[in-house]
$ cat structure.csv   # CSV, C-alpha atoms
chain,number,residue,atom,x,y,z
A,739,MET,CA,32.0,58.1,-126.3
A,740,THR,CA,31.7,57.1,-122.6
A,741,ALA,CA,34.4,56.3,-120.1
A,742,THR,CA,33.6,52.6,-120.4
A,743,ASP,CA,34.8,52.8,-124.0
A,744,THR,CA,38.4,53.4,-122.9
A,745,GLN,CA,38.2,52.3,-119.2
A,746,GLU,CA,39.5,55.8,-118.3
A,747,VAL,CA,38.2,57.8,-115.4
A,748,ASP,CA,40.4,60.9,-115.2
A,749,GLN,CA,40.4,64.6,-116.1
A,750,HIS,CA,41.4,63.9,-119.7
A,751,ALA,CA,38.5,61.5,-120.3
A,752,CYS,CA,36.2,64.1,-118.6
A,753,ALA,CA,37.5,66.8,-120.9
A,754,ARG,CA,36.8,64.7,-124.0
A,755,LEU,CA,33.2,64.0,-122.8
A,756,MET,CA,32.6,67.7,-122.2
A,757,LYS,CA,34.1,68.7,-125.5
A,758,ALA,CA,31.9,66.1,-127.3
A,759,ALA,CA,28.8,67.5,-125.6
A,760,VAL,CA,29.7,71.0,-126.6
A,761,GLU,CA,30.3,69.9,-130.2
A,762,ARG,CA,26.9,68.1,-130.3
A,763,VAL,CA,25.1,71.3,-129.3
A,764,SER,CA,27.0,73.5,-131.8
A,765,GLU,CA,26.4,71.0,-134.6
A,766,THR,CA,22.8,70.1,-134.0
A,767,GLN,CA,21.1,73.0,-132.2
A,768,THR,CA,21.8,76.1,-134.2
A,769,GLU,CA,18.5,76.0,-136.0
A,770,ASN,CA,16.6,75.7,-132.8
A,771,ILE,CA,18.6,78.5,-131.2
A,772,SER,CA,17.8,80.6,-134.3
A,773,ARG,CA,14.1,79.9,-133.9
A,774,ALA,CA,14.4,80.9,-130.2
A,775,ALA,CA,16.1,84.1,-131.2
A,776,ASP,CA,13.2,85.0,-133.5
A,777,LEU,CA,10.9,85.0,-130.4
A,778,VAL,CA,13.3,86.9,-128.2
A,779,VAL,CA,14.0,89.6,-130.8
A,780,GLU,CA,10.2,90.0,-131.4
A,781,ALA,CA,9.7,90.4,-127.7
A,782,ILE,CA,12.4,93.0,-127.3
A,783,LEU,CA,11.2,95.0,-130.3
A,784,ASN,CA,7.7,95.1,-128.8
A,785,GLU,CA,9.0,96.3,-125.4
A,786,GLY,CA,8.8,92.8,-123.8
A,787,ILE,CA,11.4,91.1,-121.8
A,788,ILE,CA,12.7,87.6,-121.3
A,789,GLN,CA,11.3,85.8,-118.3
A,790,VAL,CA,13.8,82.9,-117.6
A,791,PHE,CA,13.2,80.1,-115.1
A,792,GLY,CA,15.1,77.1,-113.9
A,793,THR,CA,15.3,75.0,-110.8
A,794,GLY,CA,18.2,73.0,-109.4
A,795,HIS,CA,21.3,73.2,-111.6
A,796,SER,CA,19.2,74.6,-114.4
A,797,ARG,CA,19.3,77.9,-112.5
A,798,SER,CA,22.7,78.4,-114.0
A,799,ILE,CA,21.1,79.0,-117.4
A,800,ALA,CA,18.8,81.7,-115.9
A,801,MET,CA,21.9,83.3,-114.3
A,802,GLU,CA,23.7,83.2,-117.6
A,803,ILE,CA,20.9,85.1,-119.4
A,804,ALA,CA,19.7,87.5,-116.7
A,805,GLY,CA,21.8,89.9,-114.7
A,806,ARG,CA,25.3,89.2,-115.7
A,807,ALA,CA,28.0,91.1,-117.6
A,808,GLY,CA,27.5,90.7,-121.3
A,809,GLY,CA,23.9,89.6,-120.8
A,810,LEU,CA,20.8,91.2,-122.1
A,811,VAL,CA,19.3,93.9,-119.9
A,812,PRO,CA,15.6,93.1,-120.7
A,813,ALA,CA,15.9,89.7,-119.0
A,814,ASN,CA,14.4,88.8,-115.6
A,815,ALA,CA,15.2,85.6,-113.6
A,816,LEU,CA,12.3,83.9,-112.0
A,817,SER,CA,13.1,81.5,-109.1
A,818,ILE,CA,11.7,79.5,-106.3
A,819,LYS,CA,13.6,81.8,-103.9
A,820,ASP,CA,11.4,84.7,-105.1
A,821,LEU,CA,8.9,83.3,-102.6
A,822,VAL,CA,11.2,84.2,-99.8
A,823,MET,CA,12.8,87.4,-101.2
A,824,TYR,CA,9.6,89.0,-102.4
A,825,GLY,CA,6.7,86.9,-101.1
A,826,GLY,CA,7.4,86.7,-97.3
A,827,THR,CA,7.7,82.9,-97.3
A,828,ALA,CA,10.0,81.5,-94.6
A,829,PRO,CA,13.4,80.3,-95.9
A,830,SER,CA,12.9,76.9,-94.3
A,831,ALA,CA,9.8,76.3,-96.5
A,832,ILE,CA,11.9,76.1,-99.7
A,833,LEU,CA,14.9,74.1,-98.4
A,834,ASP,CA,13.5,70.7,-99.4
A,835,PRO,CA,15.3,69.8,-102.7
A,836,THR,CA,12.1,68.1,-103.9
A,837,ILE,CA,10.1,71.3,-103.7
A,838,GLU,CA,10.5,71.8,-107.4
A,839,ARG,CA,8.0,69.0,-107.9
A,840,ASP,CA,5.2,71.1,-106.4
A,841,ALA,CA,3.2,72.5,-109.3
A,842,GLY,CA,1.5,75.0,-107.0
A,843,LEU,CA,4.7,77.0,-106.8
A,844,ALA,CA,4.5,78.2,-110.3
A,845,GLN,CA,1.4,80.5,-109.8
A,846,ARG,CA,2.9,81.9,-106.7
A,847,ILE,CA,6.1,82.8,-108.5
A,848,LEU,CA,4.2,84.4,-111.4
A,849,ASP,CA,2.1,86.4,-109.0
A,850,LEU,CA,5.2,88.1,-107.7
A,851,ALA,CA,6.5,89.0,-111.1
A,852,ASP,CA,5.6,92.0,-113.3
A,853,THR,CA,4.9,90.2,-116.6
A,854,HIS,CA,3.6,91.8,-119.7
A,855,PRO,CA,1.8,90.2,-122.7
A,856,GLU,CA,4.9,90.8,-124.9
A,857,ASP,CA,7.2,88.8,-122.7
A,858,VAL,CA,8.8,85.6,-123.8
A,859,PHE,CA,9.6,82.7,-121.4
A,860,ILE,CA,12.7,80.6,-121.4
A,861,ILE,CA,12.3,77.6,-119.1
A,862,ALA,CA,15.3,75.3,-118.4
A,863,SER,CA,15.0,71.8,-117.0
A,864,ASN,CA,17.2,68.9,-117.7
A,865,SER,CA,14.5,66.3,-116.9
A,866,GLY,CA,11.5,68.5,-118.0
A,867,GLY,CA,9.1,66.7,-115.8
A,868,ASN,CA,8.9,68.4,-112.4
A,869,GLY,CA,5.6,70.0,-111.4
A,870,SER,CA,6.8,73.6,-111.0
A,871,VAL,CA,8.5,73.6,-114.4
A,872,VAL,CA,5.6,72.1,-116.3
A,873,GLU,CA,3.0,74.3,-114.5
A,874,LEU,CA,4.9,77.4,-115.3
A,875,ALA,CA,5.1,76.5,-119.0
A,876,LEU,CA,1.4,75.8,-119.0
A,877,LEU,CA,0.5,79.1,-117.3
A,878,ALA,CA,2.7,81.0,-119.6
A,879,LYS,CA,1.0,79.4,-122.6
A,880,GLU,CA,-2.4,80.1,-121.2
A,881,ARG,CA,-1.5,83.8,-120.9
A,882,GLY,CA,-0.4,83.9,-124.5
A,883,HIS,CA,3.3,83.9,-124.1
A,884,GLN,CA,5.8,82.1,-126.3
A,885,VAL,CA,7.8,79.5,-124.4
A,886,ILE,CA,11.3,78.3,-125.2
A,887,ALA,CA,12.5,75.1,-123.5
A,888,VAL,CA,16.1,74.1,-122.8
A,889,THR,CA,16.1,70.4,-121.8
A,890,SER,CA,17.7,67.0,-122.4
A,891,LEU,CA,15.6,65.1,-124.9
A,892,ALA,CA,17.6,61.9,-124.2
A,893,HIS,CA,16.5,62.2,-120.5
A,894,THR,CA,13.0,63.7,-120.6
A,895,GLN,CA,11.7,61.2,-123.2
A,896,HIS,CA,12.5,58.4,-120.7
A,897,VAL,CA,10.8,59.9,-117.6
A,898,VAL,CA,7.1,60.2,-116.5
A,899,SER,CA,5.9,63.7,-115.8
A,900,ARG,CA,5.3,64.6,-112.2
A,901,HIS,CA,2.6,67.1,-113.3
A,902,SER,CA,-1.0,66.1,-113.2
A,903,SER,CA,-1.3,66.9,-116.9
A,904,GLY,CA,1.1,64.1,-117.8
A,905,LYS,CA,3.0,66.6,-120.0
A,906,ARG,CA,6.7,67.3,-120.0
A,907,LEU,CA,8.3,70.6,-120.8
A,908,PHE,CA,9.2,69.8,-124.4
A,909,GLU,CA,5.6,68.9,-125.2
A,910,ILE,CA,4.4,72.4,-124.2
A,911,ALA,CA,7.1,74.7,-125.6
A,912,ASP,CA,7.0,76.5,-128.9
A,913,VAL,CA,10.8,76.0,-129.4
A,914,VAL,CA,12.8,73.2,-127.9
A,915,ILE,CA,16.6,73.4,-127.5
A,916,ASP,CA,18.2,70.1,-126.6
A,917,ASN,CA,21.2,70.3,-124.3
A,918,CYS,CA,22.4,67.1,-125.8
A,919,GLY,CA,23.0,65.4,-122.5
A,920,VAL,CA,22.7,61.7,-121.7
A,921,PHE,CA,20.0,60.1,-119.5
A,922,GLY,CA,20.8,60.9,-115.9
A,923,ASP,CA,23.0,63.9,-117.0
A,924,ALA,CA,26.3,62.4,-115.7
A,925,ALA,CA,28.2,61.0,-118.7
A,926,MET,CA,31.1,59.1,-117.2
A,927,PRO,CA,30.1,55.7,-115.7
A,928,LEU,CA,32.1,54.4,-112.8
A,929,PRO,CA,33.1,50.7,-112.6
A,930,ALA,CA,31.1,50.0,-109.4
A,931,GLY,CA,28.0,51.9,-110.5
A,932,GLY,CA,27.0,55.5,-110.7
A,933,ALA,CA,28.5,58.2,-112.9
A,934,ILE,CA,30.2,61.5,-112.9
A,935,ALA,CA,30.8,64.4,-115.4
A,936,ALA,CA,27.4,65.9,-115.7
A,937,THR,CA,27.2,68.0,-118.9
A,938,SER,CA,24.0,70.0,-118.7
A,939,SER,CA,25.4,73.0,-116.9
A,940,LEU,CA,28.2,73.4,-119.4
A,941,THR,CA,26.0,73.0,-122.5
A,942,GLY,CA,23.3,75.1,-120.9
A,943,VAL,CA,25.7,78.0,-120.5
A,944,LEU,CA,26.8,77.5,-124.1
A,945,ILE,CA,23.2,77.6,-125.3
A,946,ALA,CA,22.5,80.7,-123.4
A,947,GLN,CA,25.5,82.5,-124.8
A,948,MET,CA,24.8,81.3,-128.4
A,949,LEU,CA,21.2,82.6,-128.0
A,950,VAL,CA,22.3,86.0,-126.6
A,951,ALA,CA,24.9,86.4,-129.5
A,952,GLU,CA,22.2,85.5,-132.1
A,953,VAL,CA,19.8,88.0,-130.6
A,954,CYS,CA,22.3,90.8,-130.5
A,955,GLY,CA,23.5,90.1,-134.0
A,956,ARG,CA,19.9,90.4,-135.3
A,957,LEU,CA,19.3,93.7,-133.4
A,958,LEU,CA,22.5,95.1,-134.8
A,959,ARG,CA,21.5,94.2,-138.4
A,960,LEU,CA,18.2,95.9,-137.8
A,961,GLY,CA,20.0,99.0,-136.7
A,962,LYS,CA,18.6,98.7,-133.1
A,963,GLU,CA,20.3,99.3,-129.8
A,964,VAL,CA,21.8,96.2,-128.2
A,965,PRO,CA,20.9,96.6,-124.5
A,966,VAL,CA,23.6,94.6,-122.7
A,967,LEU,CA,25.1,94.9,-119.2
A,968,VAL,CA,28.7,95.9,-118.6
A,969,SER,CA,30.7,94.4,-115.7
A,970,ALA,CA,30.1,96.4,-112.6
A,971,ASN,CA,33.8,95.9,-111.9
A,972,VAL,CA,35.1,98.1,-114.7
A,973,PRO,CA,35.1,101.9,-114.7
A,974,GLY,CA,31.7,103.3,-115.8
A,975,GLY,CA,30.0,99.9,-115.4
A,976,ASP,CA,27.6,101.0,-112.7
A,977,GLU,CA,26.6,104.1,-114.6
A,978,HIS,CA,26.0,102.3,-117.8
A,979,ASN,CA,23.9,99.6,-116.1
A,980,GLU,CA,21.9,102.1,-114.1
A,981,ASP,CA,20.8,104.0,-117.2
A,982,LEU,CA,19.6,100.8,-118.9
A,983,ASN,CA,18.0,99.3,-115.9
A,984,GLU,CA,15.9,102.4,-115.3
A,985,ARG,CA,14.1,101.8,-118.5
A,986,TYR,CA,12.6,98.6,-117.1
A,987,GLY,CA,12.1,99.6,-113.5
A,988,GLY,CA,10.8,96.7,-111.3
A,989,ARG,CA,10.2,94.4,-114.3
A,990,VAL,CA,13.8,93.4,-114.3
A,991,ARG,CA,15.0,92.5,-110.8
A,992,ARG,CA,18.5,92.9,-109.5
A,993,SER,CA,20.3,89.7,-108.7
A,994,GLU,CA,21.8,89.2,-105.3
A,995,PRO,CA,25.6,89.5,-105.0

$ encode --input "structure.csv" --output "structure tokens"
Amino acid sequence: MTATDTQEVDQHACARLMKAAVERVSETQTENISRAADLVVEAILNEGIIQVFGTGHSRSIAMEIAGRAGGLVPANALSIKDLVMYGGTAPSAILDPTIERDAGLAQRILDLADTHPEDVFIIASNSGGNGSVVELALLAKERGHQVIAVTSLAHTQHVVSRHSSGKRLFEIADVVIDNCGVFGDAAMPLPAGGAIAATSSLTGVLIAQMLVAEVCGRLLRLGKEVPVLVSANVPGGDEHNEDLNERYGGRVRRSEP
């Protein structure tokens, strides 16, 4: 249902759209999330980690998986800002919002990360067609890594890739999880044009949490440790997290406050 079905543009219509998007994910993507969990569990059991990457608002998915309370410890967020924080690039060089279209960024980002052959990549992009996202997926595959994509199939199948290969993220990944968003992301059309109520961040966070829960459940059933972060704002949280983080050293970077 869209807002034009009821001529309503208010918080209640927005809530219905968001609820419907969440329900579509939970009803249609469990099998794909299970397949993704297969790859993540295999990586963790083989001393690998999750390398997760997203640009724009898709960074919220990376933040949901790596470096947060209740998240898996063996998860590292890759980001365009790594070029500044670890690579000496001037901040002004990455302020252009279209920089995510530059395929050349992917190799530079990977060069700054401590990746191992056992690592699995989760790459999030609603459109799935920008150069840096596609190039990172291609580089990961060339290195022998498994790649999980979180994308909007309704959107990406209607765009032309900005990468020289002509490929989009879903055409490269081993497992594709659909965030079930509409073309253009915003789901509530306005009478005079344009739309509001973008759903990809909400469903992306849901997908991330469903995936983490599935991975942890499988580790428990195997009798393995479940390495998750505890909130640093509860007693003992810092000590718990320090102990786990030491196992991975610089492979898992700390997120900024």

$ residues_around --input "structure.csv" --residues "stretch 862-873 of chain A" --least-positions-apart "3" --cutoff "6 Å" --atoms "only C-alpha atoms" --output "ChimeraX atom specification"
/A:792,796,838-841,843-844,876,887-890,893-894,899-901,906-907

$ write_last_selection --input "structure.csv" --atoms "C-alpha atoms" --output "PDB file, keeping the file's coordinate frame"
ATOM      1  CA  GLY A 792      15.100  77.100-113.900  1.00  0.00           C
ATOM      2  CA  SER A 796      19.200  74.600-114.400  1.00  0.00           C
ATOM      3  CA  GLU A 838      10.500  71.800-107.400  1.00  0.00           C
ATOM      4  CA  ARG A 839       8.000  69.000-107.900  1.00  0.00           C
ATOM      5  CA  ASP A 840       5.200  71.100-106.400  1.00  0.00           C
ATOM      6  CA  ALA A 841       3.200  72.500-109.300  1.00  0.00           C
ATOM      7  CA  LEU A 843       4.700  77.000-106.800  1.00  0.00           C
ATOM      8  CA  ALA A 844       4.500  78.200-110.300  1.00  0.00           C
ATOM      9  CA  LEU A 876       1.400  75.800-119.000  1.00  0.00           C
ATOM     10  CA  ALA A 887      12.500  75.100-123.500  1.00  0.00           C
ATOM     11  CA  VAL A 888      16.100  74.100-122.800  1.00  0.00           C
ATOM     12  CA  THR A 889      16.100  70.400-121.800  1.00  0.00           C
ATOM     13  CA  SER A 890      17.700  67.000-122.400  1.00  0.00           C
ATOM     14  CA  HIS A 893      16.500  62.200-120.500  1.00  0.00           C
ATOM     15  CA  THR A 894      13.000  63.700-120.600  1.00  0.00           C
ATOM     16  CA  SER A 899       5.900  63.700-115.800  1.00  0.00           C
ATOM     17  CA  ARG A 900       5.300  64.600-112.200  1.00  0.00           C
ATOM     18  CA  HIS A 901       2.600  67.100-113.300  1.00  0.00           C
ATOM     19  CA  ARG A 906       6.700  67.300-120.000  1.00  0.00           C
ATOM     20  CA  LEU A 907       8.300  70.600-120.800  1.00  0.00           C
TER      21      LEU A 907
END

$ closest_residue --input "structure.csv" --among "A:Val811, A:Ala946, A:Ile886, A:Val790" --to "A:Leu848" --atoms "only C-alpha atoms"
A:Val790

$ residues_around --input "structure.csv" --residues "A:Glu994" --least-positions-apart "6" --cutoff "12 Å" --atoms "only C-alpha atoms" --output "ChimeraX atom specification"
/A:801,804-806,815,819-820,823

$ atom_distance --input "structure.csv" --atom1 "atom CA of A:Ala758" --atom2 "atom CA of A:Ala925"
10.7 Å

$ closest_atom_pairs --input "structure.csv" --of "stretch 888-948 of chain A" --to "stretch 759-774 of chain A" --cutoff "12 Å" --atoms "all atoms listed in the file" --output "JSON lines"
{"residue": "A:Val888", "atom": "CA", "partner": "A:Ile771", "partner_atom": "CA", "distance": 9.8}
{"residue": "A:Thr889", "atom": "CA", "partner": "A:Val763", "partner_atom": "CA", "distance": 11.7}
{"residue": "A:Ser890", "atom": "CA", "partner": "A:Val763", "partner_atom": "CA", "distance": 11.0}
{"residue": "A:Ala911", "atom": "CA", "partner": "A:Ala774", "partner_atom": "CA", "distance": 10.6}
{"residue": "A:Asp912", "atom": "CA", "partner": "A:Ala774", "partner_atom": "CA", "distance": 8.7}
{"residue": "A:Val913", "atom": "CA", "partner": "A:Ala774", "partner_atom": "CA", "distance": 6.1}
{"residue": "A:Val914", "atom": "CA", "partner": "A:Asn770", "partner_atom": "CA", "distance": 6.7}
{"residue": "A:Ile915", "atom": "CA", "partner": "A:Asn770", "partner_atom": "CA", "distance": 5.8}
{"residue": "A:Asp916", "atom": "CA", "partner": "A:Gln767", "partner_atom": "CA", "distance": 6.9}
{"residue": "A:Asn917", "atom": "CA", "partner": "A:Val763", "partner_atom": "CA", "distance": 6.4}
{"residue": "A:Cys918", "atom": "CA", "partner": "A:Val763", "partner_atom": "CA", "distance": 6.1}
{"residue": "A:Gly919", "atom": "CA", "partner": "A:Ala759", "partner_atom": "CA", "distance": 6.9}
{"residue": "A:Val920", "atom": "CA", "partner": "A:Ala759", "partner_atom": "CA", "distance": 9.3}
{"residue": "A:Asp923", "atom": "CA", "partner": "A:Ala759", "partner_atom": "CA", "distance": 11.0}
{"residue": "A:Ala924", "atom": "CA", "partner": "A:Ala759", "partner_atom": "CA", "distance": 11.4}
{"residue": "A:Ala925", "atom": "CA", "partner": "A:Ala759", "partner_atom": "CA", "distance": 9.5}
{"residue": "A:Ala935", "atom": "CA", "partner": "A:Ala759", "partner_atom": "CA", "distance": 10.8}
{"residue": "A:Ala936", "atom": "CA", "partner": "A:Ala759", "partner_atom": "CA", "distance": 10.1}
{"residue": "A:Thr937", "atom": "CA", "partner": "A:Ala759", "partner_atom": "CA", "distance": 6.9}
{"residue": "A:Ser938", "atom": "CA", "partner": "A:Ala759", "partner_atom": "CA", "distance": 8.8}
{"residue": "A:Ser939", "atom": "CA", "partner": "A:Val760", "partner_atom": "CA", "distance": 10.8}
{"residue": "A:Leu940", "atom": "CA", "partner": "A:Val760", "partner_atom": "CA", "distance": 7.7}
{"residue": "A:Thr941", "atom": "CA", "partner": "A:Val760", "partner_atom": "CA", "distance": 5.9}
{"residue": "A:Gly942", "atom": "CA", "partner": "A:Val763", "partner_atom": "CA", "distance": 9.4}
{"residue": "A:Val943", "atom": "CA", "partner": "A:Val760", "partner_atom": "CA", "distance": 10.1}
{"residue": "A:Leu944", "atom": "CA", "partner": "A:Val760", "partner_atom": "CA", "distance": 7.5}
{"residue": "A:Ile945", "atom": "CA", "partner": "A:Ile771", "partner_atom": "CA", "distance": 7.5}
{"residue": "A:Ala946", "atom": "CA", "partner": "A:Ile771", "partner_atom": "CA", "distance": 9.0}
{"residue": "A:Gln947", "atom": "CA", "partner": "A:Ile771", "partner_atom": "CA", "distance": 10.2}
{"residue": "A:Met948", "atom": "CA", "partner": "A:Ile771", "partner_atom": "CA", "distance": 7.4}

$ atom_distance --input "structure.csv" --atom1 "atom CA of A:Glu780" --atom2 "atom CA of A:Ser969"
26.2 Å

$ atom_distance --input "structure.csv" --atom1 "atom CA of A:Cys954" --atom2 "atom CA of A:Tyr986"
18.3 Å

$ closest_residue --input "structure.csv" --among "A:Val779, A:Val964, A:Asp857, A:Asn814" --to "A:Glu802" --atoms "all atoms listed in the file"
A:Asn814

$ residues_around --input "structure.csv" --residues "A:Val966" --least-positions-apart "6" --cutoff "7 Å" --atoms "all atoms listed in the file" --output "ChimeraX atom specification"
/A:808-811

$ residues_near_point --input "structure.csv" --point "(10.2, 86.1, -118.8)" --cutoff "7 Å" --atoms "all atoms listed in the file" --output "list in words"
Ile787, Ile788, Gln789, Val790, Ala813, Asn814, Asp857, Val858, Phe859 and Ile860 of chain A

$ residues_around --input "structure.csv" --residues "A:Asp981" --least-positions-apart "4" --cutoff "12 Å" --atoms "all atoms listed in the file" --output "PyMOL selection string"
chain A and resi 811+965-968+974-977+985-987

$ residues_around --input "structure.csv" --residues "A:Ala781" --least-positions-apart "3" --cutoff "10 Å" --atoms "only C-alpha atoms" --output "VMD selection string"
chain A and resid 775 to 778 784 to 788 812 855 to 859 883 to 884

$ closest_residue --input "structure.csv" --among "A:Gly922, A:Glu984, A:Ile782, A:Asp849" --to "A:Ile934" --atoms "all atoms listed in the file"
A:Gly922

$ decode --input "structure.csv" --residues "stretch 936-956 of chain A" --atoms "N, CA, C and O atoms" --output "compact mmCIF listing (two decimals), in the first residue's frame"
# COMPACT_ATOMS: atom_id res chain seq x y z
N ALA A 936 11.37 6.78 3.64
CA ALA A 936 12.32 5.80 3.13
C ALA A 936 12.39 4.61 4.09
O ALA A 936 12.44 4.79 5.30
N THR A 937 12.40 3.41 3.57
CA THR A 937 12.31 2.21 4.40
C THR A 937 13.62 1.43 4.53
O THR A 937 13.72 0.56 5.38
N SER A 938 14.63 1.71 3.71
CA SER A 938 15.79 0.83 3.66
C SER A 938 16.59 0.80 4.95
O SER A 938 17.15 -0.25 5.30
N SER A 939 16.66 1.92 5.68
CA SER A 939 17.40 1.90 6.94
C SER A 939 16.72 1.01 7.96
O SER A 939 17.36 0.22 8.65
N LEU A 940 15.39 1.13 8.05
CA LEU A 940 14.63 0.32 9.00
C LEU A 940 14.75 -1.16 8.68
O LEU A 940 15.05 -1.99 9.55
N THR A 941 14.53 -1.54 7.42
CA THR A 941 14.59 -2.96 7.08
C THR A 941 16.03 -3.46 7.09
O THR A 941 16.28 -4.64 7.37
N GLY A 942 16.99 -2.58 6.80
CA GLY A 942 18.39 -2.98 6.86
C GLY A 942 18.80 -3.35 8.27
O GLY A 942 19.50 -4.34 8.51
N VAL A 943 18.36 -2.55 9.24
CA VAL A 943 18.64 -2.84 10.64
C VAL A 943 17.98 -4.15 11.05
O VAL A 943 18.57 -4.98 11.76
N LEU A 944 16.75 -4.36 10.61
CA LEU A 944 16.07 -5.62 10.90
C LEU A 944 16.85 -6.81 10.34
O LEU A 944 17.05 -7.82 11.03
N ILE A 945 17.29 -6.70 9.10
CA ILE A 945 18.06 -7.77 8.47
C ILE A 945 19.33 -8.05 9.26
O ILE A 945 19.70 -9.21 9.50
N ALA A 946 20.03 -6.99 9.66
CA ALA A 946 21.26 -7.16 10.43
C ALA A 946 20.99 -7.90 11.73
O ALA A 946 21.73 -8.83 12.10
N GLN A 947 19.93 -7.52 12.44
CA GLN A 947 19.63 -8.16 13.71
C GLN A 947 19.15 -9.60 13.53
O GLN A 947 19.49 -10.49 14.33
N MET A 948 18.38 -9.86 12.49
CA MET A 948 17.95 -11.24 12.20
C MET A 948 19.16 -12.11 11.88
O MET A 948 19.25 -13.27 12.32
N LEU A 949 20.11 -11.56 11.12
CA LEU A 949 21.30 -12.32 10.76
C LEU A 949 22.14 -12.62 12.00
O LEU A 949 22.60 -13.76 12.19
N VAL A 950 22.36 -11.62 12.85
CA VAL A 950 23.15 -11.84 14.07
C VAL A 950 22.48 -12.89 14.95
O VAL A 950 23.14 -13.79 15.50
N ALA A 951 21.15 -12.82 15.09
CA ALA A 951 20.44 -13.79 15.91
C ALA A 951 20.58 -15.21 15.35
O ALA A 951 20.78 -16.17 16.09
N GLU A 952 20.48 -15.33 14.04
CA GLU A 952 20.61 -16.65 13.40
C GLU A 952 22.01 -17.21 13.59
O GLU A 952 22.19 -18.40 13.89
N VAL A 953 23.02 -16.36 13.44
CA VAL A 953 24.41 -16.80 13.62
C VAL A 953 24.64 -17.24 15.07
O VAL A 953 25.21 -18.31 15.32
N CYS A 954 24.18 -16.44 16.03
CA CYS A 954 24.39 -16.78 17.43
C CYS A 954 23.66 -18.06 17.81
O CYS A 954 24.19 -18.89 18.57
N GLY A 955 22.45 -18.24 17.30
CA GLY A 955 21.71 -19.47 17.57
C GLY A 955 22.44 -20.70 17.07
O GLY A 955 22.49 -21.75 17.75
N ARG A 956 23.04 -20.60 15.92
CA ARG A 956 23.77 -21.74 15.37
C ARG A 956 25.03 -22.04 16.17
O ARG A 956 25.37 -23.20 16.40
